>>> print(open('protein.txt').read())   # compact mmCIF, C-alpha atoms
# COMPACT_ATOMS: atom_id res chain seq x y z
CA MET A 264 85.60 -62.25 79.52
CA ALA A 265 86.15 -59.21 81.76
CA ALA A 266 88.58 -59.74 84.63
CA ASN A 267 86.03 -58.54 87.18
CA HIS A 268 83.25 -60.80 85.94
CA LYS A 269 81.62 -62.88 88.66
CA LEU A 270 81.16 -66.47 87.53
CA CYS A 271 77.44 -67.27 87.29
CA MET A 272 77.08 -70.68 88.96
CA ILE A 273 73.31 -71.24 88.75
CA PRO A 274 71.18 -73.60 86.62
CA GLY A 275 70.50 -70.72 84.25
CA PRO A 276 71.35 -68.30 82.89
CA VAL A 277 74.64 -70.09 82.37
CA GLU A 278 77.92 -68.56 81.22
CA PHE A 279 77.83 -67.68 77.52
CA HIS A 280 80.51 -68.19 74.89
CA ASP A 281 82.15 -64.96 73.75
CA ASP A 282 81.05 -65.63 70.17
CA VAL A 283 77.43 -65.85 71.32
CA LEU A 284 77.68 -62.51 73.12
CA THR A 285 79.44 -60.93 70.16
CA ALA A 286 76.61 -62.08 67.88
CA MET A 287 74.26 -59.84 69.87
CA SER A 288 76.50 -56.78 69.53
CA THR A 289 74.95 -55.52 66.33
CA PRO A 290 73.33 -52.28 65.24
CA ALA A 291 69.54 -52.16 65.08
CA THR A 292 68.43 -54.81 62.60
CA SER A 293 65.03 -55.29 61.04
CA HIS A 294 63.24 -58.57 61.65
CA VAL A 295 62.70 -58.76 57.88
CA ASP A 296 66.31 -58.07 56.97
CA PRO A 297 67.36 -60.80 54.49
CA ALA A 298 70.44 -61.72 56.52
CA PHE A 299 68.37 -62.09 59.69
CA ILE A 300 65.70 -64.10 57.89
CA ASN A 301 68.40 -66.54 56.83
CA GLN A 302 69.74 -66.82 60.38
CA PHE A 303 66.24 -67.44 61.71
CA GLY A 304 65.60 -70.08 59.06
CA GLU A 305 68.88 -71.84 59.77
CA SER A 306 68.12 -71.78 63.52
CA ILE A 307 64.81 -73.54 62.90
CA GLU A 308 66.58 -76.20 60.85
CA MET A 309 69.31 -76.69 63.45
CA LEU A 310 66.71 -77.25 66.16
CA ARG A 311 65.48 -80.30 64.25
CA THR A 312 69.03 -81.63 64.22
CA THR A 313 69.61 -80.90 67.90
CA PHE A 314 66.48 -82.77 68.99
CA PHE A 315 66.51 -85.54 66.36
CA SER A 316 63.21 -84.51 64.82
CA GLN A 317 63.21 -84.93 61.06
CA LYS A 318 59.75 -83.47 60.39
CA GLY A 319 58.80 -81.64 63.61
CA GLN A 320 57.75 -77.99 63.53
CA PRO A 321 60.12 -75.79 65.55
CA PHE A 322 58.99 -72.56 67.18
CA ILE A 323 61.24 -69.74 68.42
CA ILE A 324 59.16 -67.17 70.29
CA SER A 325 60.16 -64.18 72.39
CA GLY A 326 59.51 -65.02 76.04
CA SER A 327 60.56 -67.11 79.00
CA GLY A 328 60.63 -70.87 78.82
CA THR A 329 57.40 -70.70 80.83
CA LEU A 330 55.72 -69.52 77.64
CA GLY A 331 56.21 -73.06 76.32
CA TRP A 332 53.72 -74.29 78.90
CA ASP A 333 51.18 -71.76 77.64
CA VAL A 334 51.73 -72.84 74.05
CA VAL A 335 51.01 -76.45 75.00
CA ALA A 336 48.03 -75.64 77.23
CA ALA A 337 46.44 -73.17 74.81
CA ASN A 338 46.88 -75.17 71.61
CA LEU A 339 46.99 -78.90 72.39
CA VAL A 340 44.53 -79.23 75.28
CA GLU A 341 40.95 -78.04 75.13
CA PRO A 342 38.95 -77.01 78.21
CA GLY A 343 37.65 -80.04 80.09
CA GLU A 344 40.21 -82.48 78.65
CA ASN A 345 42.48 -84.53 80.89
CA ALA A 346 46.20 -83.99 81.38
CA LEU A 347 48.62 -86.20 83.32
CA VAL A 348 51.68 -84.58 84.93
CA ILE A 349 54.66 -86.80 85.79
CA ASN A 350 55.80 -84.76 88.76
CA THR A 351 59.29 -84.68 90.27
CA GLY A 352 59.23 -81.23 91.83
CA LEU A 353 58.16 -77.61 91.75
CA PHE A 354 58.12 -77.28 87.98
CA GLY A 355 55.76 -80.22 87.63
CA ASP A 356 53.47 -78.40 90.05
CA ARG A 357 53.66 -75.25 87.98
CA PHE A 358 53.10 -76.96 84.64
CA GLY A 359 49.97 -78.50 86.14
CA GLU A 360 48.86 -75.09 87.37
CA CYS A 361 49.32 -73.66 83.88
CA LEU A 362 47.26 -76.45 82.32
CA GLU A 363 44.48 -75.85 84.86
CA THR A 364 44.51 -72.14 84.04
CA TYR A 365 43.50 -73.03 80.49
CA GLY A 366 40.73 -75.37 81.66
CA ALA A 367 42.42 -78.79 81.66
CA LYS A 368 41.57 -81.41 84.27
CA VAL A 369 44.96 -82.28 85.74
CA THR A 370 46.11 -85.45 87.48
CA HIS A 371 49.57 -85.61 89.05
CA VAL A 372 51.72 -88.71 89.51
CA HIS A 373 54.13 -87.75 92.28
CA ALA A 374 57.34 -89.39 93.36
CA ALA A 375 57.17 -91.19 96.70
CA SER A 376 59.54 -88.62 98.20
CA ILE A 377 61.77 -85.72 97.20
CA GLY A 378 64.71 -86.96 95.17
CA LEU A 379 62.85 -89.85 93.56
CA ALA A 380 60.95 -90.19 90.28
CA PRO A 381 57.49 -91.74 89.98
CA THR A 382 57.67 -95.47 89.32
CA MET A 383 56.66 -96.87 85.95
CA ALA A 384 53.99 -98.88 87.79
CA ALA A 385 52.48 -95.65 89.14
CA VAL A 386 52.55 -94.06 85.70
CA ALA A 387 50.94 -97.15 84.14
CA SER A 388 48.24 -97.19 86.81
CA ALA A 389 47.35 -93.56 86.12
CA LEU A 390 47.25 -94.16 82.36
CA LYS A 391 44.78 -96.99 82.86
CA GLU A 392 42.40 -94.88 84.96
CA ARG A 393 41.24 -92.52 82.21
CA SER A 394 42.06 -91.13 78.79
CA TYR A 395 44.50 -88.20 78.68
CA LYS A 396 45.03 -85.65 75.94
CA VAL A 397 48.60 -85.03 77.06
CA VAL A 398 51.16 -86.49 79.43
CA THR A 399 53.76 -83.97 80.56
CA ILE A 400 57.21 -84.97 81.80
CA THR A 401 59.70 -82.60 83.38
CA HIS A 402 62.93 -84.04 82.02
CA VAL A 403 65.03 -82.39 84.73
CA ASP A 404 63.28 -80.56 87.55
CA THR A 405 65.54 -77.73 88.70
CA SER A 406 64.13 -77.89 92.23
CA THR A 407 65.26 -81.49 92.83
CA GLY A 408 67.86 -82.25 90.16
CA VAL A 409 65.99 -85.45 89.31
CA LEU A 410 66.33 -86.82 85.77
CA ASN A 411 63.19 -88.47 84.42
CA ASP A 412 63.53 -91.43 82.06
CA ILE A 413 61.64 -89.85 79.19
CA ARG A 414 62.36 -92.70 76.80
CA THR A 415 60.78 -95.38 79.00
CA ILE A 416 57.84 -93.17 80.00
CA SER A 417 57.14 -92.20 76.40
CA HIS A 418 57.18 -95.82 75.24
CA LEU A 419 54.82 -96.72 78.10
CA VAL A 420 52.40 -93.98 77.11
CA HIS A 421 52.40 -95.14 73.49
CA GLU A 422 51.77 -98.71 74.61
CA LEU A 423 48.88 -97.96 76.98
CA SER A 424 47.40 -94.78 75.45
CA PRO A 425 48.53 -94.37 71.83
CA SER A 426 46.48 -91.25 71.14
CA THR A 427 47.94 -89.33 74.09
CA LEU A 428 50.54 -86.67 73.29
CA VAL A 429 53.88 -86.89 75.11
CA VAL A 430 55.13 -83.45 76.16
CA VAL A 431 58.64 -83.01 77.58
CA ASP A 432 59.56 -79.91 79.57
CA ALA A 433 63.24 -79.75 78.71
CA VAL A 434 64.08 -76.28 80.02
CA CYS A 435 66.82 -77.67 82.26
CA SER A 436 67.97 -80.45 79.92
CA ALA A 437 67.77 -79.45 76.26
CA GLY A 438 71.25 -79.32 74.78
CA GLY A 439 72.82 -81.25 77.65
CA GLU A 440 70.76 -84.43 78.01
CA GLU A 441 69.86 -86.58 75.02
CA ILE A 442 66.39 -85.90 73.61
CA ASN A 443 65.60 -88.02 70.56
CA MET A 444 62.10 -87.03 69.57
CA ASP A 445 61.65 -89.36 66.60
CA ARG A 446 63.10 -92.49 68.22
CA ASP A 447 61.19 -92.06 71.46
CA GLY A 448 57.89 -90.76 70.14
CA ILE A 449 58.06 -87.39 71.87
CA ASP A 450 55.38 -85.05 70.55
CA VAL A 451 56.48 -81.75 72.08
CA MET A 452 59.85 -80.66 73.35
CA LEU A 453 59.75 -77.27 75.03
CA THR A 454 62.70 -75.38 76.41
CA ALA A 455 64.33 -71.98 76.86
CA SER A 456 67.46 -70.36 75.51
CA GLN A 457 69.42 -69.67 78.70
CA LYS A 458 70.58 -73.05 79.93
CA ALA A 459 72.31 -75.83 77.98
CA LEU A 460 71.49 -74.11 74.68
CA GLY A 461 73.94 -71.43 75.78
CA THR A 462 72.03 -68.28 74.81
CA PRO A 463 70.94 -65.35 77.01
CA PRO A 464 67.39 -65.60 78.40
CA GLY A 465 64.40 -64.42 76.43
CA LEU A 466 63.49 -67.14 73.93
CA ALA A 467 60.90 -69.88 74.34
CA ILE A 468 61.75 -72.78 72.03
CA LEU A 469 59.57 -75.72 71.04
CA VAL A 470 59.65 -78.56 68.53
CA VAL A 471 56.22 -80.07 67.80
CA SER A 472 55.74 -83.43 66.10
CA GLU A 473 53.59 -84.04 63.04
CA LYS A 474 51.14 -85.94 65.24
CA ALA A 475 50.79 -83.01 67.64
CA MET A 476 50.42 -80.55 64.76
CA HIS A 477 47.58 -82.74 63.41
CA VAL A 478 45.90 -82.65 66.83
CA PHE A 479 46.28 -78.88 66.94
CA ARG A 480 44.81 -78.39 63.47
CA ASN A 481 41.78 -80.51 64.38
CA ARG A 482 40.80 -78.67 67.55
CA LYS A 483 37.08 -78.27 68.16
CA SER A 484 37.58 -74.76 69.56
CA PRO A 485 40.07 -71.95 68.84
CA PRO A 486 43.30 -71.75 70.85
CA THR A 487 42.73 -70.07 74.20
CA SER A 488 45.60 -67.60 73.90
CA TYR A 489 46.39 -64.83 71.46
CA PHE A 490 50.15 -64.39 71.79
CA ALA A 491 50.76 -68.12 72.37
CA SER A 492 48.51 -69.24 69.51
CA MET A 493 50.08 -71.69 67.09
CA VAL A 494 47.58 -70.38 64.55
CA LYS A 495 49.58 -67.16 64.61
CA TRP A 496 53.09 -68.58 64.95
CA THR A 497 53.08 -71.58 62.60
CA PRO A 498 52.97 -69.56 59.36
CA ILE A 499 55.65 -67.22 60.73
CA MET A 500 58.04 -70.12 61.40
CA GLN A 501 57.28 -71.67 58.02
CA ALA A 502 57.91 -68.37 56.26
CA TYR A 503 61.26 -67.81 57.97
CA GLU A 504 62.34 -71.35 57.13
CA ALA A 505 61.39 -70.68 53.49
CA ARG A 506 63.59 -67.55 53.78
CA LYS A 507 60.61 -65.24 53.34
CA PRO A 508 59.74 -62.19 55.47
CA SER A 509 56.73 -62.46 57.74
CA TYR A 510 55.27 -60.76 60.79
CA PHE A 511 52.99 -61.43 63.71
CA ALA A 512 54.95 -60.01 66.65
CA THR A 513 58.47 -58.61 66.49
CA PRO A 514 61.03 -61.30 67.35
CA ALA A 515 63.97 -60.67 69.68
CA VAL A 516 66.33 -60.15 66.75
CA GLN A 517 69.64 -60.06 68.62
CA LEU A 518 68.69 -63.07 70.77
CA VAL A 519 67.88 -65.09 67.66
CA MET A 520 71.30 -64.10 66.28
CA ALA A 521 72.89 -65.35 69.50
CA LEU A 522 70.90 -68.59 69.35
CA HIS A 523 71.99 -69.07 65.77
CA THR A 524 75.63 -68.82 66.83
CA SER A 525 75.19 -71.20 69.75
CA LEU A 526 73.31 -73.78 67.67
CA LYS A 527 76.07 -73.70 65.05
CA GLN A 528 78.54 -74.56 67.82
CA ILE A 529 76.28 -77.35 69.12
CA VAL A 530 75.75 -79.09 65.77
CA ALA A 531 79.36 -78.65 64.66
CA ARG A 532 80.34 -81.91 66.39
CA PRO A 533 78.48 -85.16 67.07
CA LEU A 534 75.77 -84.56 69.65
CA GLU A 535 76.72 -87.81 71.37
CA GLU A 536 80.08 -86.24 72.24
CA ARG A 537 78.33 -83.27 73.78
CA PHE A 538 76.10 -85.47 75.93
CA ALA A 539 79.06 -87.60 77.04
CA GLN A 540 80.95 -84.46 78.03
CA HIS A 541 78.04 -83.36 80.22
CA VAL A 542 77.99 -86.79 81.88
CA ALA A 543 81.74 -86.76 82.56
CA ILE A 544 81.74 -83.24 84.03
CA SER A 545 78.61 -83.94 86.04
CA ASP A 546 80.06 -87.13 87.49
CA HIS A 547 83.24 -85.28 88.48
CA VAL A 548 81.30 -82.49 90.20
CA LYS A 549 79.06 -84.92 92.07
CA LYS A 550 82.00 -87.07 93.17
CA THR A 551 83.77 -83.98 94.48
CA ILE A 552 80.71 -82.70 96.34
CA THR A 553 79.89 -86.02 97.96
CA GLY A 554 83.58 -86.33 98.85
CA TRP A 555 83.13 -83.21 100.98
CA GLY A 556 80.47 -85.04 102.96
CA LEU A 557 77.53 -83.28 101.31
CA LYS A 558 74.44 -85.16 100.14
CA LEU A 559 72.76 -84.90 96.76
CA VAL A 560 68.99 -84.38 96.54
CA PRO A 561 68.48 -87.20 94.00
CA GLN A 562 68.40 -90.44 95.96
CA SER A 563 70.51 -92.39 93.47
CA HIS A 564 73.18 -91.66 90.90
CA GLU A 565 70.89 -92.92 88.13
CA LEU A 566 68.26 -90.34 89.04
CA ALA A 567 70.69 -87.40 89.05
CA ALA A 568 70.66 -84.97 86.13
CA HIS A 569 73.83 -84.13 84.23
CA THR A 570 72.93 -80.48 83.61
CA LEU A 571 72.89 -79.38 87.24
CA THR A 572 73.72 -80.76 90.68
CA ALA A 573 71.19 -80.37 93.50
CA VAL A 574 72.73 -80.58 96.99
>>> encode(input="protein.txt", output="structure tokens")
Amino acid sequence: MAANHKLCMIPGPVEFHDDVLTAMSTPATSHVDPAFINQFGESIEMLRTTFFSQKGQPFIISGSGTLGWDVVAANLVEPGENALVINTGLFGDRFGECLETYGAKVTHVHAASIGLAPTMAAVASALKERSYKVVTITHVDTSTGVLNDIRTISHLVHELSPSTLVVVDAVCSAGGEEINMDRDGIDVMLTASQKALGTPPGLAILVVSEKAMHVFRNRKSPPTSYFASMVKWTPIMQAYEARKPSYFATPAVQLVMALHTSLKQIVARPLEERFAQHVAISDHVKKTITGWGLKLVPQSHELAAHTLTAV
């Protein structure tokens, strides 16, 4: 790292490992180069490992993490269908706005105050009011630093509304907080490259469960986006994983190379160790900050994320 580099101390982009940056320092490379196809295919496979999804369909698409919202709204919710947003801050607001843009009827379950998460009783009450196509959960809302209990919420949704898809916005958590899609019945995990996945910004990343893919394939109407259409992207991802060239829109080749390097680092050791390390460092930072007399935004230690600290 250059001696005059200013440490980037924000939720994301984070600091990047030198090997990740070096992976991007390549000559112009075709998106159908055999070596790149292999890296793309391995990245898809490593995403399944990272998010404990044995049969989910990963997507790696050029764009901000915000594009993940569009993928969900355009492919898994049809105009006029209901969506429930478990809201702990600004990014819950914005996910709801995105869903409304595509014609969904959105209901929000808000926390009682900033720094809290909605109660399970409030979530259960909303689930009993009407049928929802999707429930969205912001795992960690950057604006408040609140960590949602995605495991408990997901199990509650499956108990009260088994057909509803559980969507987790993990932009500020993926790679740092545990996300076990298969164990917890999570249907969509969406994130971005530039935070705990340790890759420069520019990639929207999703893993979609078999159940959600079935819902997508049985839509009554076509997806309401062109670039974000899973009709377009699913065969591309499947081709790359089969180590075959394919094309819909040119991928960010060097960013995928960087992601490949970062994912290799992530899966090289037990993921449980990685999560525990985030907890230990987070606890140390929070103890230090509160020791200075400052107050955290989350109203309890249990509600505080381990991937950032909101003060």
>>> residues_around(input="protein.txt", residues="range 472-478 of chain A", least_positions_apart="3", cutoff="8 Å", atoms="all atoms listed in the file", output="list in words")
Ser316, Lys318, Gly319, Gln320, Leu339, Leu428, Ile449, Asp450, Val451, Asn481 and Arg482 of chain A
>>> residues_near_point(input="protein.txt", point="(66.7, -72.6, 62.1)", cutoff="12 Å", atoms="all atoms listed in the file", output="ChimeraX atom specification")
/A:299-313,320-323,468-470,500-506,519-520,522-527,530
>>> closest_residue(input="protein.txt", among="A:Val295, A:Cys435, A:Val516, A:Ala337", to="Val494 in chain A", atoms="all atoms listed in the file")
A:Ala337
>>> residues_around(input="protein.txt", residues="Ser426 in chain A", least_positions_apart="2", cutoff="10 Å", atoms="only C-alpha atoms", output="PyMOL selection string")
chain A and resi 394-397+420-424+428-429+474-475+478
>>> residues_around(input="protein.txt", residues="range 279-287 of chain A", least_positions_apart="2", cutoff="12 Å", atoms="all atoms listed in the file", output="ChimeraX atom specification")
/A:264-265,270-272,275-277,289-292,299,302,456-464,515-529
>>> residues_around(input="protein.txt", residues="Ser417 in chain A", least_positions_apart="6", cutoff="12 Å", atoms="all atoms listed in the file", output="ChimeraX atom specification")
/A:349,383,386-387,390,397-400,402,411,423-431,442-451
>>> write_last_selection(input="protein.txt", atoms="C-alpha atoms", output="PDB file, in the coordinates of the input")
ATOM      1  CA  ILE A 349      54.660 -86.800  85.790  1.00  0.00           C
ATOM      2  CA  MET A 383      56.660 -96.870  85.950  1.00  0.00           C
ATOM      3  CA  VAL A 386      52.550 -94.060  85.700  1.00  0.00           C
ATOM      4  CA  ALA A 387      50.940 -97.150  84.140  1.00  0.00           C
ATOM      5  CA  LEU A 390      47.250 -94.160  82.360  1.00  0.00           C
ATOM      6  CA  VAL A 397      48.600 -85.030  77.060  1.00  0.00           C
ATOM      7  CA  VAL A 398      51.160 -86.490  79.430  1.00  0.00           C
ATOM      8  CA  THR A 399      53.760 -83.970  80.560  1.00  0.00           C
ATOM      9  CA  ILE A 400      57.210 -84.970  81.800  1.00  0.00           C
ATOM     10  CA  HIS A 402      62.930 -84.040  82.020  1.00  0.00           C
ATOM     11  CA  ASN A 411      63.190 -88.470  84.420  1.00  0.00           C
ATOM     12  CA  LEU A 423      48.880 -97.960  76.980  1.00  0.00           C
ATOM     13  CA  SER A 424      47.400 -94.780  75.450  1.00  0.00           C
ATOM     14  CA  PRO A 425      48.530 -94.370  71.830  1.00  0.00           C
ATOM     15  CA  SER A 426      46.480 -91.250  71.140  1.00  0.00           C
ATOM     16  CA  THR A 427      47.940 -89.330  74.090  1.00  0.00           C
ATOM     17  CA  LEU A 428      50.540 -86.670  73.290  1.00  0.00           C
ATOM     18  CA  VAL A 429      53.880 -86.890  75.110  1.00  0.00           C
ATOM     19  CA  VAL A 430      55.130 -83.450  76.160  1.00  0.00           C
ATOM     20  CA  VAL A 431      58.640 -83.010  77.580  1.00  0.00           C
ATOM     21  CA  ILE A 442      66.390 -85.900  73.610  1.00  0.00           C
ATOM     22  CA  ASN A 443      65.600 -88.020  70.560  1.00  0.00           C
ATOM     23  CA  MET A 444      62.100 -87.030  69.570  1.00  0.00           C
ATOM     24  CA  ASP A 445      61.650 -89.360  66.600  1.00  0.00           C
ATOM     25  CA  ARG A 446      63.100 -92.490  68.220  1.00  0.00           C
ATOM     26  CA  ASP A 447      61.190 -92.060  71.460  1.00  0.00           C
ATOM     27  CA  GLY A 448      57.890 -90.760  70.140  1.00  0.00           C
ATOM     28  CA  ILE A 449      58.060 -87.390  71.870  1.00  0.00           C
ATOM     29  CA  ASP A 450      55.380 -85.050  70.550  1.00  0.00           C
ATOM     30  CA  VAL A 451      56.480 -81.750  72.080  1.00  0.00           C
TER      31      VAL A 451
END
>>> closest_residue(input="protein.txt", among="A:Thr497, A:Ala433, A:Val574, A:Ile273", to="Ser509 in chain A", atoms="only C-alpha atoms")
A:Thr497
>>> residues_around(input="protein.txt", residues="Val369 in chain A", least_positions_apart="4", cutoff="8 Å", atoms="all atoms listed in the file", output="PyMOL selection string")
chain A and resi 345-348+359+362-363
>>> atom_distance(input="protein.txt", atom1="CA of His373 in chain A", atom2="CA of Ala455 in chain A")
24.3 Å
>>> closest_residue(input="protein.txt", among="A:Pro381, A:Gly328, A:Pro297, A:Pro508", to="Gly465 in chain A", atoms="all atoms listed in the file")
A:Gly328
>>> closest_residue(input="protein.txt", among="A:Leu353, A:Ala539, A:Val334, A:Met452", to="Thr570 in chain A", atoms="all atoms listed in the file")
A:Ala539
>>> closest_residue(input="protein.txt", among="A:Pro274, A:Glu360, A:Lys558, A:Ile377", to="Thr405 in chain A", atoms="all atoms listed in the file")
A:Pro274
>>> axis_aligned_box(input="protein.txt", around="range 334-348 of chain A", padding_each_side="6 Å", output="lines of an AutoDock Vina configuration file")
center_x = 44.7
center_y = -79.5
center_z = 78.3
size_x = 26.1
size_y = 25.4
size_z = 25.3
>>> closest_residue(input="protein.txt", among="A:Trp332, A:Ala573, A:Cys361, A:Gly439", to="Glu536 in chain A", atoms="only C-alpha atoms")
A:Gly439
>>> atom_distance(input="protein.txt", atom1="CA of Val340 in chain A", atom2="CA of Thr401 in chain A")
17.5 Å
>>> atom_distance(input="protein.txt", atom1="CA of Lys483 in chain A", atom2="CA of Arg357 in chain A")
26.0 Å
